[in-house]
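K.L.:
Before I ask anything, let me first share the structure, which is written out below as structure tokens.
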Amino acid sequence: MVHLMKTRPNVILILADDMGYSDLGCFGSEINTPNLDSLANNGLRFSQMYNSARCCPSRAALLTGLNPQQTGVGHMVNDMGLPAYQGYLNENCATIAEVLKENGYTTLMSGKWHVGGSYNLLDQNSWQPGNQGHPTPTQRGFDQFYGIVAGAANFFHPRTLMENETLIDIDPPDFYLTDAISENAVSMITKASDTNKPFFLHVAYTAPHWPLHALEEDIAKYRGHYREGWDSLRQNRHEEQKGMGIVDNKWDISPRDASSRPWEEAEDKEWEDLRMAVYAAMIDRMDQGIGKILTKLEELGEDKNTVIMFLSDNGGCAEFLAEDTTRPDPSQYSSPTRDGRSMTIGNRKDLEPGTDTTFMSYDLAWANASNTPFRRFKRWTHEGGISTPFILKWPEKITKPAIINEATHIIDISATIYEAANATYPSEINGNFTKPLEGRSFMQAIETDSWERKEPIYWEHEGSKAMRHGEWKLVSEVGHDWELYNMLEDRTELSDLIDGESDRVGKMINSYKEWMDRCEVQNWPLPGHLWNPEMIAPHAHRSG
């Protein structure tokens with residue numbers, strides 16, 4: 001039934017976890033993602049959408065339209081003793097849910113929160129969601145919430161699972177978190193459609209973040225598909241991307257990462273094939289769940305006037321067991337299975353990944369393929385760490401598919417939603433002033449297939465820094481000097497132009513420093529928090 005009083009669109013904002021730029025069919029992948037591909041083929045694909053390099057900062061930026069440091073989540077969820085790095089959303093930012101709720105929307109969330117303080121996964125008695133320093137989704141504007149409030153999760157037996165304000169146990173014996181997120185999203189849509197209010201639904205999957213947990217029926221689709229290895233996969237995906245127009249033909253693919261090795265030298269190729277197969281199965285299952293959401297929208301007659309957006313929180317992940325810590329820490333994930341069996345943690349070649357008794361990652365070389373054609377990974381501000389596929393479908397406004405090539409940032413998404421919803425952004429919320437939006441609406445791209453972001457985009461994460469202004473990008477890996485690239489000519493960052501552009505570089509560095517001061521961005525390392533990038537080298541995390 002179509003509710004005629006709903007003149008404003010519903011909004012569904014879908015976020016994947018640790019998924020690389022090339023991991024969808026519509027961005028060059030061989031993974032079966034027909035539902036997301038359908039959204040892309042009937043909507044817009046943004047080829048240069050950026051996130052904020054890491055899980056928590058990206059989620060904070062997405063939900064508020066501010067730079068992560070302005071929200072209090074400048075790093076992760078541990079309180080680092082500074083307002084910009086307190087590890088949970090502060091009282092001077094407004095979430096999309098809070099803004100839209102004040103503007104007459106029903107607000108719903110299914111999935112991963114991870115912007116509300118830290119949780120010791122092994123000590124349930126210490127969990128205090130809702131107290132000072134641990135805000136929950138229902139405290140930040142969501143009428144309904146189902147999901148986890150902490151970070152990386154066991155897909156068969158997740159910790160910190162909540163429904164609204166209550167911690168809950170897992171009921172069905174065949175529980176799988178990706179399916180539970182999808183099913184609860186469908187249920188929320190069904191209930192919301194019975195009102196005359198538009199709804200905002202945030203679906204935050206944990207897939208395909210480690211651990212490699214998938215259902216055998218999905219794994220079976222991909223067993224043997226990756227026996228040609230990561231080098232071949234990178235080349236194949238790059239060719240697909242060029243053919244689609246997602247990347248420019250003149251951008252050479254970046255070299256295999258220096259910490260990787262040629263596929264010919266890889267040991268246990270059958271095991272490596274299976275690791276990537278399980279990763280692919282996790283994305284496949286997420287796409288199946290998105291299909292269920294789309295089907296329910298059609299059944300309810302809500303599909304035409306619903307804005308659907310999809311993106312990932314950072315690039316493919318090369319490190320393992322270091323979500324909220326400075327070093328890999330296996331013990332925090334060592335809870336047993338639901339029926340009490342022990343779990344083996346680590347990338348063990350004598351075990352098959354995918355089952356609930358294992359806890360593995362797909363590792364650096366496959367992550368390098370996920371981020372095709374770019375350099376680096378999650379946590380870095382080179383393109384492999386901050387580039388995400390972004391898809392937008394809105395049938396009432398978008399009548400033909402297009403690719404938008406303008407540089408766009410995750411903070412622009414909330415501003416666009418507010419314009420689409422005709423929503424007013426408040427100057428204060430709950431008695432506290434709100435910081436002005438940093439993001440800029442790209443509604444023009446929806447209406448005309450093009451737009452221009454005139455303001456620079458800035459990044460800082462763990463000492464890696466970057467700035468993008470127009471066609472120019474300034475970037476510095478933690479511990480290294482600035483580099484300069486022309487993104488029109490060289491988005492894969494292969495030709496550093498720093499030596500021939502002293503005036504431009506000087507102005508950009510000054511602009512970056514002004515941004516740091518305004519947003520309380522600190523120089524790295526912060527007290528008590530040293531991160532050694534070398535920990536991701538293949539020899540450094542073969543735990544088990």
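Quick note on naming: the chains in the structure tokens go A, B, ... in the order shown, residues restart at 1 in each chain, and ligands are numbered from 1 in order of appearance.
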Do a neighbour search on Ser182 (chain A) at 7 Å with only C-alpha atoms, toss out local chain neighbours closer than 4 positions, and write the hits as a count of residues only.
P.N.:
4
K.L.:
Can you list, as a ChimeraX atom specification, every protein, DNA or RNA residue that comes within 7 Å of Glu406 (chain A) when you count only C-alpha atoms, leaving out same-chain residues fewer than 5 positions away?
P.N.:
/A:48,451-452
K.L.:
Which neighbours of Met162 (chain A) fall inside 9 Å, counting only C-alpha atoms, when residues of the same chain fewer than 3 positions from it are skipped, and could you give them as number ranges by chain?
P.N.:
A: 145-149, 165-169
K.L.:
Pick out the closest residue to Gly141 (chain A) from this set: A:Phe200, A:Phe175, A:Tyr362, A:Tyr21. Count only C-alpha atoms.
P.N.:
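That would be A:Phe200, the residue with the smallest distance to Gly141 (chain A).
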K.L.:
Extract the full set of helix (DSSP H, G or I) residues from region 174-313 of chain A according to DSSP on the backbone, and format it as a short mmCIF file (atom, residue, chain, number, x, y, z; two decimals) with N, CA, C and O atoms, in the first residue's frame.
P.N.:
data_model
loop_
_atom_site.label_atom_id
_atom_site.label_comp_id
_atom_site.auth_asym_id
_atom_site.auth_seq_id
_atom_site.Cartn_x
_atom_site.Cartn_y
_atom_site.Cartn_z
N LEU A 177 25.21 -13.43 11.67
CA LEU A 177 25.00 -12.01 11.93
C LEU A 177 24.56 -11.24 10.69
O LEU A 177 23.68 -10.38 10.77
N THR A 178 25.14 -11.53 9.54
CA THR A 178 24.75 -10.81 8.33
C THR A 178 23.27 -11.01 8.04
O THR A 178 22.54 -10.05 7.72
N ASP A 179 22.79 -12.24 8.17
CA ASP A 179 21.37 -12.50 7.95
C ASP A 179 20.51 -11.80 8.99
O ASP A 179 19.43 -11.27 8.68
N ALA A 180 20.96 -11.81 10.25
CA ALA A 180 20.18 -11.17 11.31
C ALA A 180 20.05 -9.66 11.06
O ALA A 180 18.98 -9.07 11.28
N ILE A 181 21.12 -9.04 10.60
CA ILE A 181 21.06 -7.61 10.28
C ILE A 181 20.06 -7.36 9.16
O ILE A 181 19.22 -6.44 9.24
N SER A 182 20.11 -8.18 8.12
CA SER A 182 19.19 -8.02 6.99
C SER A 182 17.74 -8.25 7.42
O SER A 182 16.84 -7.48 7.07
N GLU A 183 17.51 -9.32 8.17
CA GLU A 183 16.14 -9.67 8.57
C GLU A 183 15.53 -8.62 9.48
O GLU A 183 14.34 -8.29 9.36
N ASN A 184 16.32 -8.07 10.38
CA ASN A 184 15.80 -7.02 11.25
C ASN A 184 15.55 -5.73 10.48
O ASN A 184 14.61 -5.00 10.78
N ALA A 185 16.37 -5.46 9.48
CA ALA A 185 16.12 -4.30 8.63
C ALA A 185 14.79 -4.45 7.89
O ALA A 185 13.99 -3.51 7.82
N VAL A 186 14.53 -5.64 7.36
CA VAL A 186 13.26 -5.90 6.68
C VAL A 186 12.09 -5.73 7.63
O VAL A 186 11.06 -5.11 7.29
N SER A 187 12.22 -6.25 8.83
CA SER A 187 11.15 -6.12 9.82
C SER A 187 10.89 -4.66 10.18
O SER A 187 9.73 -4.23 10.30
N MET A 188 11.94 -3.88 10.31
CA MET A 188 11.79 -2.47 10.63
C MET A 188 11.07 -1.72 9.53
O MET A 188 10.20 -0.87 9.78
N ILE A 189 11.42 -2.02 8.28
CA ILE A 189 10.75 -1.38 7.13
C ILE A 189 9.27 -1.72 7.12
O ILE A 189 8.41 -0.86 6.89
N THR A 190 8.95 -2.97 7.38
CA THR A 190 7.56 -3.41 7.36
C THR A 190 6.72 -2.64 8.38
O THR A 190 5.62 -2.16 8.07
N LYS A 191 7.25 -2.49 9.59
CA LYS A 191 6.52 -1.76 10.62
C LYS A 191 6.44 -0.27 10.30
O LYS A 191 5.40 0.36 10.51
N ALA A 192 7.52 0.28 9.78
CA ALA A 192 7.54 1.72 9.49
C ALA A 192 6.57 2.08 8.38
O ALA A 192 6.03 3.19 8.35
N GLU A 216 28.45 -22.43 4.35
CA GLU A 216 29.04 -23.34 3.38
C GLU A 216 28.38 -23.22 2.02
O GLU A 216 29.04 -23.33 0.98
N GLU A 217 27.07 -23.00 1.98
CA GLU A 217 26.39 -22.89 0.69
C GLU A 217 26.91 -21.70 -0.12
O GLU A 217 26.89 -21.73 -1.36
N ASP A 218 27.37 -20.65 0.56
CA ASP A 218 27.95 -19.50 -0.14
C ASP A 218 29.41 -19.74 -0.48
O ASP A 218 29.87 -19.37 -1.57
N ILE A 219 30.14 -20.37 0.43
CA ILE A 219 31.55 -20.66 0.17
C ILE A 219 31.69 -21.55 -1.06
O ILE A 219 32.60 -21.37 -1.89
N GLY A 229 45.29 -16.77 -8.36
CA GLY A 229 46.03 -15.91 -7.44
C GLY A 229 45.69 -14.44 -7.48
O GLY A 229 44.90 -13.96 -8.29
N TRP A 230 46.34 -13.72 -6.57
CA TRP A 230 46.05 -12.30 -6.40
C TRP A 230 46.58 -11.43 -7.52
O TRP A 230 45.99 -10.40 -7.84
N ASP A 231 47.70 -11.80 -8.12
CA ASP A 231 48.23 -10.98 -9.22
C ASP A 231 47.27 -10.99 -10.41
O ASP A 231 46.96 -9.95 -10.98
N SER A 232 46.79 -12.17 -10.76
CA SER A 232 45.83 -12.29 -11.85
C SER A 232 44.53 -11.58 -11.50
O SER A 232 43.93 -10.90 -12.35
N LEU A 233 44.10 -11.70 -10.25
CA LEU A 233 42.85 -11.05 -9.83
C LEU A 233 42.95 -9.54 -9.96
O LEU A 233 42.01 -8.88 -10.44
N ARG A 234 44.07 -8.97 -9.56
CA ARG A 234 44.25 -7.51 -9.68
C ARG A 234 44.18 -7.08 -11.14
O ARG A 234 43.51 -6.08 -11.47
N GLN A 235 44.85 -7.79 -12.01
CA GLN A 235 44.84 -7.42 -13.43
C GLN A 235 43.43 -7.55 -14.02
O GLN A 235 42.98 -6.67 -14.76
N ASN A 236 42.75 -8.63 -13.69
CA ASN A 236 41.40 -8.84 -14.23
C ASN A 236 40.43 -7.76 -13.77
O ASN A 236 39.63 -7.24 -14.55
N ARG A 237 40.51 -7.43 -12.50
CA ARG A 237 39.61 -6.39 -11.98
C ARG A 237 39.94 -5.02 -12.59
O ARG A 237 39.03 -4.25 -12.90
N HIS A 238 41.21 -4.76 -12.77
CA HIS A 238 41.59 -3.48 -13.35
C HIS A 238 41.06 -3.35 -14.78
O HIS A 238 40.56 -2.29 -15.18
N GLU A 239 41.15 -4.42 -15.54
CA GLU A 239 40.62 -4.38 -16.91
C GLU A 239 39.11 -4.15 -16.90
O GLU A 239 38.58 -3.40 -17.73
N GLU A 240 38.41 -4.81 -15.99
CA GLU A 240 36.96 -4.59 -15.87
C GLU A 240 36.66 -3.14 -15.51
O GLU A 240 35.74 -2.53 -16.06
N GLN A 241 37.40 -2.59 -14.58
CA GLN A 241 37.17 -1.21 -14.16
C GLN A 241 37.36 -0.23 -15.31
O GLN A 241 36.57 0.71 -15.48
N LYS A 242 38.39 -0.46 -16.09
CA LYS A 242 38.63 0.42 -17.24
C LYS A 242 37.50 0.29 -18.25
O LYS A 242 37.04 1.29 -18.81
N GLY A 243 37.06 -0.93 -18.47
CA GLY A 243 35.97 -1.14 -19.41
C GLY A 243 34.67 -0.48 -18.96
O GLY A 243 33.88 -0.02 -19.79
N MET A 244 34.44 -0.44 -17.68
CA MET A 244 33.23 0.18 -17.14
C MET A 244 33.31 1.71 -17.10
O MET A 244 32.29 2.37 -16.96
N TRP A 263 52.32 -14.48 -6.70
CA TRP A 263 51.49 -15.66 -6.48
C TRP A 263 52.28 -16.95 -6.72
O TRP A 263 52.07 -17.95 -6.04
N GLU A 264 53.22 -16.90 -7.66
CA GLU A 264 54.00 -18.10 -7.96
C GLU A 264 54.79 -18.57 -6.74
O GLU A 264 55.11 -19.74 -6.62
N GLU A 265 55.11 -17.65 -5.83
CA GLU A 265 55.89 -18.01 -4.65
C GLU A 265 55.01 -18.32 -3.45
O GLU A 265 55.52 -18.67 -2.37
N LYS A 269 48.56 -22.92 -1.97
CA LYS A 269 47.66 -22.16 -2.84
C LYS A 269 46.19 -22.56 -2.66
O LYS A 269 45.30 -21.72 -2.80
N GLU A 270 45.93 -23.80 -2.36
CA GLU A 270 44.54 -24.23 -2.17
C GLU A 270 43.93 -23.54 -0.94
O GLU A 270 42.78 -23.11 -0.96
N TRP A 271 44.72 -23.41 0.11
CA TRP A 271 44.27 -22.72 1.33
C TRP A 271 44.08 -21.23 1.05
O TRP A 271 43.10 -20.62 1.50
N GLU A 272 44.98 -20.64 0.30
CA GLU A 272 44.85 -19.22 -0.05
C GLU A 272 43.60 -18.99 -0.90
O GLU A 272 42.85 -18.03 -0.69
N ASP A 273 43.36 -19.88 -1.83
CA ASP A 273 42.14 -19.82 -2.64
C ASP A 273 40.90 -19.83 -1.75
O ASP A 273 39.96 -19.06 -1.95
N LEU A 274 40.91 -20.68 -0.75
CA LEU A 274 39.74 -20.80 0.13
C LEU A 274 39.56 -19.56 0.98
O LEU A 274 38.41 -19.14 1.25
N ARG A 275 40.65 -18.96 1.42
CA ARG A 275 40.50 -17.72 2.21
C ARG A 275 39.77 -16.64 1.41
O ARG A 275 38.84 -15.99 1.90
N MET A 276 40.18 -16.46 0.17
CA MET A 276 39.51 -15.45 -0.65
C MET A 276 38.09 -15.89 -0.99
O MET A 276 37.18 -15.05 -1.10
N ALA A 277 37.86 -17.19 -1.12
CA ALA A 277 36.52 -17.70 -1.40
C ALA A 277 35.57 -17.38 -0.24
O ALA A 277 34.41 -17.01 -0.46
N VAL A 278 36.05 -17.54 0.98
CA VAL A 278 35.20 -17.23 2.14
C VAL A 278 34.91 -15.73 2.19
O VAL A 278 33.77 -15.30 2.47
N TYR A 279 35.93 -14.92 1.93
CA TYR A 279 35.72 -13.46 1.89
C TYR A 279 34.66 -13.11 0.84
O TYR A 279 33.75 -12.31 1.11
N ALA A 280 34.76 -13.69 -0.33
CA ALA A 280 33.77 -13.43 -1.38
C ALA A 280 32.38 -13.88 -0.94
O ALA A 280 31.38 -13.20 -1.21
N ALA A 281 32.31 -15.02 -0.26
CA ALA A 281 31.02 -15.53 0.22
C ALA A 281 30.38 -14.57 1.20
O ALA A 281 29.14 -14.43 1.23
N MET A 282 31.18 -13.90 2.00
CA MET A 282 30.65 -12.94 2.97
C MET A 282 30.01 -11.74 2.26
O MET A 282 28.95 -11.26 2.67
N ILE A 283 30.64 -11.28 1.19
CA ILE A 283 30.06 -10.18 0.41
C ILE A 283 28.81 -10.65 -0.32
O ILE A 283 27.80 -9.93 -0.39
N ASP A 284 28.87 -11.84 -0.86
CA ASP A 284 27.72 -12.43 -1.55
C ASP A 284 26.51 -12.47 -0.62
O ASP A 284 25.40 -12.09 -1.00
N ARG A 285 26.72 -12.92 0.64
CA ARG A 285 25.61 -13.01 1.58
C ARG A 285 25.06 -11.63 1.94
O ARG A 285 23.84 -11.47 2.12
N MET A 286 25.93 -10.66 2.07
CA MET A 286 25.47 -9.30 2.32
C MET A 286 24.59 -8.82 1.16
O MET A 286 23.52 -8.24 1.39
N ASP A 287 25.00 -9.08 -0.06
CA ASP A 287 24.20 -8.69 -1.22
C ASP A 287 22.85 -9.40 -1.22
O ASP A 287 21.83 -8.79 -1.57
N GLN A 288 22.83 -10.66 -0.83
CA GLN A 288 21.55 -11.38 -0.74
C GLN A 288 20.62 -10.67 0.25
O GLN A 288 19.42 -10.55 0.01
N GLY A 289 21.18 -10.24 1.38
CA GLY A 289 20.37 -9.54 2.37
C GLY A 289 19.84 -8.22 1.86
O GLY A 289 18.69 -7.83 2.12
N ILE A 290 20.69 -7.50 1.11
CA ILE A 290 20.24 -6.25 0.50
C ILE A 290 19.11 -6.53 -0.48
O ILE A 290 18.15 -5.76 -0.60
N GLY A 291 19.18 -7.66 -1.17
CA GLY A 291 18.10 -8.06 -2.07
C GLY A 291 16.78 -8.22 -1.33
O GLY A 291 15.71 -7.86 -1.84
N LYS A 292 16.84 -8.78 -0.11
CA LYS A 292 15.62 -8.94 0.68
C LYS A 292 15.03 -7.58 1.07
O LYS A 292 13.81 -7.40 1.09
N ILE A 293 15.90 -6.64 1.37
CA ILE A 293 15.44 -5.29 1.70
C ILE A 293 14.77 -4.65 0.49
O ILE A 293 13.68 -4.05 0.60
N LEU A 294 15.38 -4.79 -0.68
CA LEU A 294 14.81 -4.22 -1.90
C LEU A 294 13.47 -4.87 -2.25
O LEU A 294 12.52 -4.19 -2.67
N THR A 295 13.38 -6.17 -2.08
CA THR A 295 12.12 -6.88 -2.35
C THR A 295 11.01 -6.39 -1.44
O THR A 295 9.87 -6.18 -1.89
N LYS A 296 11.32 -6.20 -0.17
CA LYS A 296 10.31 -5.72 0.78
C LYS A 296 9.85 -4.31 0.41
O LYS A 296 8.65 -4.00 0.50
N LEU A 297 10.77 -3.47 0.00
CA LEU A 297 10.39 -2.11 -0.44
C LEU A 297 9.39 -2.18 -1.59
O LEU A 297 8.39 -1.44 -1.61
N GLU A 298 9.65 -3.04 -2.56
CA GLU A 298 8.75 -3.18 -3.70
C GLU A 298 7.40 -3.71 -3.26
O GLU A 298 6.35 -3.22 -3.72
N GLU A 299 7.39 -4.71 -2.38
CA GLU A 299 6.13 -5.27 -1.91
C GLU A 299 5.27 -4.21 -1.22
O GLU A 299 4.04 -4.23 -1.33
#
K.L.:
Pull the closest atom pair for each residue of region 191-270 of chain A that gets at most 9 Å from region 489-501 of chain A, along with the distance in Å to one decimal, counting only C-alpha atoms, ordering rows by chain and then ascending residue number, as a Markdown table.
P.N.:
| residue | atom | partner | partner_atom | distance |
| --- | --- | --- | --- | --- |
| A:Val247 | CA | A:Arg491 | CA | 8.7 |
| A:Asp248 | CA | A:Glu489 | CA | 8.6 |
| A:Lys250 | CA | A:Glu489 | CA | 7.0 |
| A:Trp251 | CA | A:Asp490 | CA | 5.5 |
| A:Asp252 | CA | A:Thr492 | CA | 6.8 |
| A:Ile253 | CA | A:Thr492 | CA | 6.6 |
| A:Ser254 | CA | A:Thr492 | CA | 5.9 |
| A:Pro255 | CA | A:Leu494 | CA | 8.9 |
K.L.:
Using CA of His202 (chain A) and CA of Leu108 (chain A) as the two end points, give the distance in Å to one decimal.
P.N.:
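Separating CA of His202 (chain A) from CA of Leu108 (chain A) is a distance of 6.3 Å.
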K.L.:
Per residue of region 283-354 of chain A within 10 Å of region 122-139 of chain A, which atom pair is closest and at what distance in Å (one decimal), using only C-alpha atoms, listed by chain and increasing number, as a Markdown table?
P.N.:
| residue | atom | partner | partner_atom | distance |
| --- | --- | --- | --- | --- |
| A:Ser331 | CA | A:Leu122 | CA | 8.2 |
| A:Gln332 | CA | A:Leu122 | CA | 6.1 |
| A:Tyr333 | CA | A:Leu122 | CA | 7.6 |
| A:Ser334 | CA | A:Leu122 | CA | 7.8 |
| A:Ser335 | CA | A:Leu122 | CA | 6.9 |
K.L.:
With C-alpha atoms retained, export the selected residues as a PDB file, in the first residue's frame.
P.N.:
ATOM      1  CA  SER A 331      42.732 -13.002  23.555  1.00  0.00           C
ATOM      2  CA  GLN A 332      39.979 -10.421  23.146  1.00  0.00           C
ATOM      3  CA  TYR A 333      38.278 -12.623  20.540  1.00  0.00           C
ATOM      4  CA  SER A 334      38.787 -15.990  22.240  1.00  0.00           C
ATOM      5  CA  SER A 335      35.241 -16.607  23.431  1.00  0.00           C
TER       6      SER A 335
END
K.L.:
Show me, as a PyMOL selection string, the residues that have an atom within 8 Å of Asn10 (chain A) when counting only C-alpha atoms, minus same-chain residues fewer than 2 positions from it.
P.N.:
chain A and resi 8+12+198-200+302+305-307
K.L.:
Give the answer as one residue: which of A:Leu437, A:Met443, A:Leu321, A:Ala220 has the shortest atom-to-atom distance to Thr424 (chain A), using only C-alpha atoms?
P.N.:
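When distances to Thr424 (chain A) are compared using only C-alpha atoms, the smallest one comes from A:Leu437.
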